[in-house]
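Q: Let me give you the structure first, and then I'll get to my questions.
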Amino acid sequence: MTMIKVSEEYIAYQKLLVANIYNWKDKAACISLSSTQDFFDNKDSNLHNLSKRYCQKCPVWRECLYTSMVNQELYGLWGALTPKQRKTYFNYILKEATNKNISFKYWSKELNEVFVEYCTPEKVSEYFNFSV
Ligand code: SF4
């Protein structure tokens with residue numbers, strides 16, 4: 001996965017993120033399972049099954065995916081996507097940012113806005129051709 005360098009702006013966004021959504025995990029549909037081995041299973045098929053069971057009815061799906069993208073989470077199920085899917089989608093968002101002439105060398109307000117825009121059910125469903 002392409003790593004975006006940390007900057008002062010990135011740290012400010014991290015603080016903002018934590019302030020805004022610090023308790024979203026309490027509303028997670030997977031709250032009883034999120035710390036179990038199942039959620040960090042290496043097999044994509046197992047994660048897909050969990051995604052169908054939990055993520056599709058999760059009220060904090062968007063926050064979950066956005067958080068995983070901002071933190072570049074490498075493991076587990078986040079926002080209905082497996083690590084492989086998130087890597088693909090992350091690179092797709094960076095490509096879209098490039099098309100908008102937004103640099104992804106450092107985290108910026110503009111780059112953050114692209115991530116917010118693309119962490120929506122509509123965009124993810126369109127990209128992967130499935131409903132979330
Ligand atoms: S979207 Fe899925 S992985 Fe994320 S909190 Fe909801 S149920 Fe858990």
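Ligands are numbered from 1 in the order shown, residues from 1 within each chain, and chains are lettered A, B, ... in the order they appear in the structure tokens.
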Dump the neighbourhood of ligand 1 as a VMD selection string: all residues within 12 Å, distances computed on only C-alpha atoms and all ligand atoms.
A: chain A and resid 23 to 36 38 to 40 47 to 69 73 75 to 83 119 to 121 132
Q: Please produce a file of the residues just selected, as a compact mmCIF listing (two decimals), in the first residue's frame, where the atoms kept are N, CA and C atoms.
A:
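Result file is selection.txt:
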# COMPACT_ATOMS: atom_id res chain seq x y z
N ASN A 23 -16.55 7.68 19.70
CA ASN A 23 -17.37 6.59 20.23
C ASN A 23 -18.15 5.84 19.16
N TRP A 24 -17.78 5.99 17.87
CA TRP A 24 -18.55 5.30 16.85
C TRP A 24 -18.47 3.78 16.99
N LYS A 25 -17.37 3.30 17.54
CA LYS A 25 -17.23 1.84 17.66
C LYS A 25 -18.28 1.24 18.60
N ASP A 26 -18.80 2.07 19.51
CA ASP A 26 -19.84 1.58 20.41
C ASP A 26 -21.12 1.19 19.65
N LYS A 27 -21.28 1.78 18.46
CA LYS A 27 -22.49 1.52 17.67
C LYS A 27 -22.26 0.44 16.61
N ALA A 28 -21.07 -0.11 16.57
CA ALA A 28 -20.73 -1.09 15.53
C ALA A 28 -21.58 -2.36 15.64
N ALA A 29 -22.05 -2.82 14.48
CA ALA A 29 -22.83 -4.06 14.44
C ALA A 29 -21.97 -5.25 14.88
N CYS A 30 -20.66 -5.12 14.73
CA CYS A 30 -19.75 -6.22 15.05
C CYS A 30 -19.16 -6.07 16.45
N ILE A 31 -19.76 -5.26 17.27
CA ILE A 31 -19.12 -4.92 18.56
C ILE A 31 -18.73 -6.15 19.38
N SER A 32 -19.53 -7.21 19.28
CA SER A 32 -19.21 -8.39 20.08
C SER A 32 -18.10 -9.23 19.46
N LEU A 33 -17.81 -8.98 18.20
CA LEU A 33 -16.82 -9.80 17.50
C LEU A 33 -15.55 -9.07 17.08
N SER A 34 -15.57 -7.74 17.17
CA SER A 34 -14.48 -6.97 16.57
C SER A 34 -13.11 -7.22 17.20
N SER A 35 -13.09 -7.75 18.39
CA SER A 35 -11.77 -8.02 18.96
C SER A 35 -11.43 -9.51 18.90
N THR A 36 -12.23 -10.27 18.18
CA THR A 36 -11.96 -11.71 18.11
C THR A 36 -11.07 -12.05 16.93
N ASP A 38 -11.73 -13.94 14.55
CA ASP A 38 -12.50 -13.98 13.30
C ASP A 38 -12.30 -12.73 12.45
N PHE A 39 -12.22 -11.58 13.13
CA PHE A 39 -12.11 -10.33 12.38
C PHE A 39 -10.73 -10.10 11.81
N PHE A 40 -9.79 -10.93 12.22
CA PHE A 40 -8.44 -10.79 11.69
C PHE A 40 -8.03 -12.05 10.94
N LEU A 47 -13.83 -13.51 5.78
CA LEU A 47 -14.13 -12.10 6.02
C LEU A 47 -15.35 -11.66 5.20
N HIS A 48 -15.48 -12.19 3.99
CA HIS A 48 -16.65 -11.85 3.16
C HIS A 48 -17.94 -12.30 3.87
N ASN A 49 -17.89 -13.49 4.46
CA ASN A 49 -19.08 -13.99 5.17
C ASN A 49 -19.43 -13.10 6.36
N LEU A 50 -18.41 -12.69 7.10
CA LEU A 50 -18.66 -11.79 8.24
C LEU A 50 -19.19 -10.44 7.76
N SER A 51 -18.65 -9.99 6.66
CA SER A 51 -19.08 -8.71 6.10
C SER A 51 -20.57 -8.76 5.77
N LYS A 52 -21.00 -9.85 5.13
CA LYS A 52 -22.43 -9.98 4.78
C LYS A 52 -23.29 -10.03 6.03
N ARG A 53 -22.77 -10.67 7.06
CA ARG A 53 -23.57 -10.85 8.28
C ARG A 53 -23.66 -9.57 9.12
N TYR A 54 -22.60 -8.80 9.15
CA TYR A 54 -22.56 -7.65 10.06
C TYR A 54 -22.54 -6.28 9.35
N CYS A 55 -21.65 -6.12 8.41
CA CYS A 55 -21.41 -4.77 7.86
C CYS A 55 -22.61 -4.20 7.13
N GLN A 56 -23.37 -5.06 6.45
CA GLN A 56 -24.46 -4.52 5.64
C GLN A 56 -25.57 -3.89 6.47
N LYS A 57 -25.60 -4.18 7.76
CA LYS A 57 -26.62 -3.54 8.59
C LYS A 57 -25.97 -2.64 9.65
N CYS A 58 -24.75 -2.28 9.41
CA CYS A 58 -24.01 -1.51 10.42
C CYS A 58 -24.26 -0.01 10.27
N PRO A 59 -24.68 0.67 11.34
CA PRO A 59 -24.95 2.11 11.25
C PRO A 59 -23.70 2.99 11.17
N VAL A 60 -22.53 2.40 11.44
CA VAL A 60 -21.31 3.21 11.41
C VAL A 60 -20.33 2.71 10.33
N TRP A 61 -20.91 2.13 9.32
CA TRP A 61 -20.11 1.59 8.24
C TRP A 61 -19.16 2.64 7.64
N ARG A 62 -19.71 3.81 7.39
CA ARG A 62 -18.93 4.86 6.75
C ARG A 62 -17.75 5.30 7.62
N GLU A 63 -18.01 5.50 8.90
CA GLU A 63 -16.95 5.90 9.83
C GLU A 63 -15.87 4.82 9.90
N CYS A 64 -16.32 3.57 9.88
CA CYS A 64 -15.39 2.44 9.96
C CYS A 64 -14.45 2.42 8.75
N LEU A 65 -15.02 2.54 7.56
CA LEU A 65 -14.18 2.51 6.36
C LEU A 65 -13.24 3.72 6.32
N TYR A 66 -13.79 4.89 6.62
CA TYR A 66 -12.97 6.11 6.58
C TYR A 66 -11.79 6.00 7.56
N THR A 67 -12.07 5.53 8.76
CA THR A 67 -11.01 5.38 9.77
C THR A 67 -9.93 4.43 9.27
N SER A 68 -10.35 3.32 8.66
CA SER A 68 -9.36 2.35 8.18
C SER A 68 -8.51 2.94 7.06
N MET A 69 -9.13 3.79 6.24
CA MET A 69 -8.38 4.40 5.14
C MET A 69 -7.38 5.42 5.68
N GLU A 73 -5.14 0.88 7.72
CA GLU A 73 -5.20 -0.40 8.44
C GLU A 73 -4.90 -1.56 7.48
N TYR A 75 -4.90 -4.92 8.46
CA TYR A 75 -5.45 -6.21 8.87
C TYR A 75 -6.94 -6.10 9.22
N GLY A 76 -7.62 -7.22 9.11
CA GLY A 76 -9.00 -7.32 9.58
C GLY A 76 -10.04 -6.76 8.64
N LEU A 77 -11.26 -6.85 9.09
CA LEU A 77 -12.41 -6.39 8.30
C LEU A 77 -12.77 -4.98 8.74
N TRP A 78 -12.81 -4.07 7.80
CA TRP A 78 -13.18 -2.68 8.09
C TRP A 78 -14.11 -2.19 6.99
N GLY A 79 -15.22 -1.58 7.38
CA GLY A 79 -16.12 -1.00 6.38
C GLY A 79 -16.55 -1.97 5.31
N ALA A 80 -16.77 -3.21 5.68
CA ALA A 80 -17.22 -4.28 4.79
C ALA A 80 -16.15 -4.76 3.81
N LEU A 81 -14.95 -4.22 3.91
CA LEU A 81 -13.91 -4.60 2.95
C LEU A 81 -12.78 -5.39 3.61
N THR A 82 -12.28 -6.33 2.84
CA THR A 82 -11.14 -7.13 3.30
C THR A 82 -9.85 -6.30 3.09
N PRO A 83 -8.74 -6.73 3.67
CA PRO A 83 -7.49 -5.99 3.44
C PRO A 83 -7.15 -5.81 1.96
N CYS A 119 -15.53 7.45 0.71
CA CYS A 119 -15.95 6.47 1.72
C CYS A 119 -17.46 6.54 1.93
N THR A 120 -18.18 6.37 0.85
CA THR A 120 -19.65 6.37 0.92
C THR A 120 -20.15 5.06 0.32
N PRO A 121 -21.34 4.62 0.75
CA PRO A 121 -21.89 3.38 0.19
C PRO A 121 -22.02 3.44 -1.33
N VAL A 132 -23.61 -2.12 -0.14
CA VAL A 132 -23.20 -2.04 1.26
C VAL A 132 -24.22 -1.19 2.02
Q: List the neighbours of Glu96 (chain A) out to 12 Å using only C-alpha atoms; skip same-chain residues closer than 6 positions along the sequence, and give me the result as a list in words.
A: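 My reading of the contact set: Tyr89, Phe90, Ile102, Ser103, Phe104, Glu110, Leu111, Glu113, Val114, Phe115, Glu117, Tyr118 and Lys123 of chain A.
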Q: Put those residues in a file: N, CA and C atoms, as a short mmCIF file (atom, residue, chain, number, x, y, z; two decimals), in the first residue's frame.
A:
data_model
loop_
_atom_site.label_atom_id
_atom_site.label_comp_id
_atom_site.auth_asym_id
_atom_site.auth_seq_id
_atom_site.Cartn_x
_atom_site.Cartn_y
_atom_site.Cartn_z
N TYR A 89 -8.94 -0.25 -3.12
CA TYR A 89 -9.76 0.95 -3.07
C TYR A 89 -8.94 2.18 -2.65
N PHE A 90 -8.02 1.97 -1.75
CA PHE A 90 -7.12 3.05 -1.32
C PHE A 90 -6.36 3.60 -2.53
N ILE A 102 -4.56 16.73 -6.84
CA ILE A 102 -4.29 16.79 -5.40
C ILE A 102 -3.14 15.84 -5.10
N SER A 103 -2.12 16.36 -4.47
CA SER A 103 -0.95 15.55 -4.14
C SER A 103 -1.28 14.62 -2.96
N PHE A 104 -0.69 13.42 -3.00
CA PHE A 104 -0.86 12.54 -1.84
C PHE A 104 0.48 12.26 -1.17
N GLU A 110 -7.40 18.89 1.38
CA GLU A 110 -7.97 18.52 0.07
C GLU A 110 -7.98 16.99 -0.09
N LEU A 111 -6.87 16.37 0.32
CA LEU A 111 -6.81 14.91 0.21
C LEU A 111 -7.83 14.26 1.13
N GLU A 113 -10.65 15.45 1.99
CA GLU A 113 -11.98 15.61 1.39
C GLU A 113 -12.25 14.55 0.33
N VAL A 114 -11.21 14.16 -0.40
CA VAL A 114 -11.39 13.10 -1.40
C VAL A 114 -11.71 11.78 -0.69
N PHE A 115 -11.02 11.52 0.41
CA PHE A 115 -11.29 10.27 1.15
C PHE A 115 -12.70 10.27 1.73
N GLU A 117 -15.24 11.85 0.48
CA GLU A 117 -16.14 11.69 -0.67
C GLU A 117 -16.24 10.23 -1.12
N TYR A 118 -15.12 9.52 -1.05
CA TYR A 118 -15.11 8.15 -1.58
C TYR A 118 -15.46 7.07 -0.55
N LYS A 123 -20.22 5.15 -3.61
CA LYS A 123 -18.93 5.02 -4.32
C LYS A 123 -18.37 3.61 -4.20
#
Q: Looking only at the backbone, which of the residues in chain A does DSSP tag as alpha helix (DSSP H), as a ChimeraX atom specification?
A: /A:8-21,44-54,61-70,83-99,109-118,121-128
Q: Can you work out which one of A:Asn112, A:Gln37, A:Asn129, A:Gln72 has the shortest atom-to-atom distance to Arg86 (chain A), counting only C-alpha atoms?
A: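 Using only C-alpha atoms, Arg86 (chain A) sits closest to A:Gln72.
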Q: Return the single residue from A:Ile11, A:Val124, A:Lys100, A:Val70 that is closest to Thr88 (chain A), with distances computed using only C-alpha atoms.
A: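 Using only C-alpha atoms, the shortest distance to Thr88 (chain A) belongs to A:Val124.
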Q: Which residues, written as a PyMOL selection string, have at least one atom at most 9 Å from Lys105 (chain A), with only C-alpha atoms counted and residues fewer than 2 positions away on the same chain left out?
A: chain A and resi 3-5+103+107
Q: I'd like to know which residues of chain A are strand (DSSP E or B) (by DSSP, run on the backbone); could you write them as a ChimeraX atom specification?
A: /A:5,78,81,106
